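> Below is one structure. I have some questions about it.
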Amino acid sequence: MNVVALRGILSRPAEERVLPSGDRLLTIEVTVRPGEGRAEGVPVVWPDPPAAGSVLDVGDEVVVVGRVRRRFYRAGGSTQSRTEVVADTVLPARASKRIAKALAQAAERVSA
């Protein structure tokens with residue numbers, strides 16, 4: 001099962017792209033600090049986010065629930081790869097009831 005939940009700070013402005021298919025994709029970077037360790041940046045893509053997804057601001061604390069994906073692409077004549085989180089949900093950390101619901105849904109997928 002591929003399920004991830006992370007909590008961190010939005011470290012750069014969200015970038016929205018419209019794909020050739022017409023689908024929207026929001027790209028964000030979430031900085032997490034595991035325990036006493038160094039902060040780590042986690043790239044997150046959010047396919048077809050709700051309109052409210054584009055009002056995320058740098059410095060906002062967020063919770064992301066989704067899955068990990070490694071994708072491969074051609075760049076400069078060679079194959080490159082990128083590991084990222086594909087978000088099902090991105091919520092402000094203060095939205096505790098909605099976070100609990102999103103985590104419960106993810107737990108159901110794990111136990112199914």
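Every chain in the structure tokens has a letter given in the order shown (A, B, ...), and although residue numbers restart at 1 in each chain, ligands are simply numbered from 1 in the order shown.
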Got a sec: who's within 10 Å of Val90 (chain A), counting only C-alpha atoms, leaving out chain neighbours fewer than 2 positions off, as a PyMOL selection string?
chain A and resi 5-7+44+46+49-50+53+56+62-66+87-88+92-93+99+102
> Near Pro43 (chain A), counting only C-alpha atoms, which residues have an atom at most 9 Å away, once you skip same-chain residues fewer than 4 positions from it, shown as a list in words?
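In the requested format, the answer is Thr27, Ile28, Glu29, Val30, Thr31, Thr83, Glu84, Val85 and Val86 of chain A.
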> DSSP on the backbone, then: every residue of region 12-92 of chain A marked helix (DSSP H, G or I), written as an MDAnalysis selection string.
chainID A and resid 51:55
> Suppose you want the space between CA of Lys97 (chain A) and CA of Gly35 (chain A); what is it in Å?
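Separating CA of Lys97 (chain A) from CA of Gly35 (chain A) is a distance of 24.4 Å.
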> Could you please write out, as an NGL selection string, every residue of chain A that DSSP assigns to strand (DSSP E)?
:A and (4-10 or 15-18 or 24-32 or 40-47 or 61-75 or 78-92)
> To one decimal place in Å, what is the distance between CA of Met1 (chain A) and CA of Val110 (chain A)?
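According to the coordinates, CA of Met1 (chain A) and CA of Val110 (chain A) are separated by 6.1 Å.
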> Which of these residues is nearest to Leu26 (chain A), using only C-alpha atoms: A:Ala112, A:Leu91, A:Asp48, A:Val68?
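So, comparing all the options, the nearest one is A:Asp48.
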> Which one is closest to Arg33 (chain A): A:Ile9, A:Arg94, A:Phe72, A:Asp57? Count only C-alpha atoms.
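Closest to Arg33 (chain A), using only C-alpha atoms: A:Ile9.
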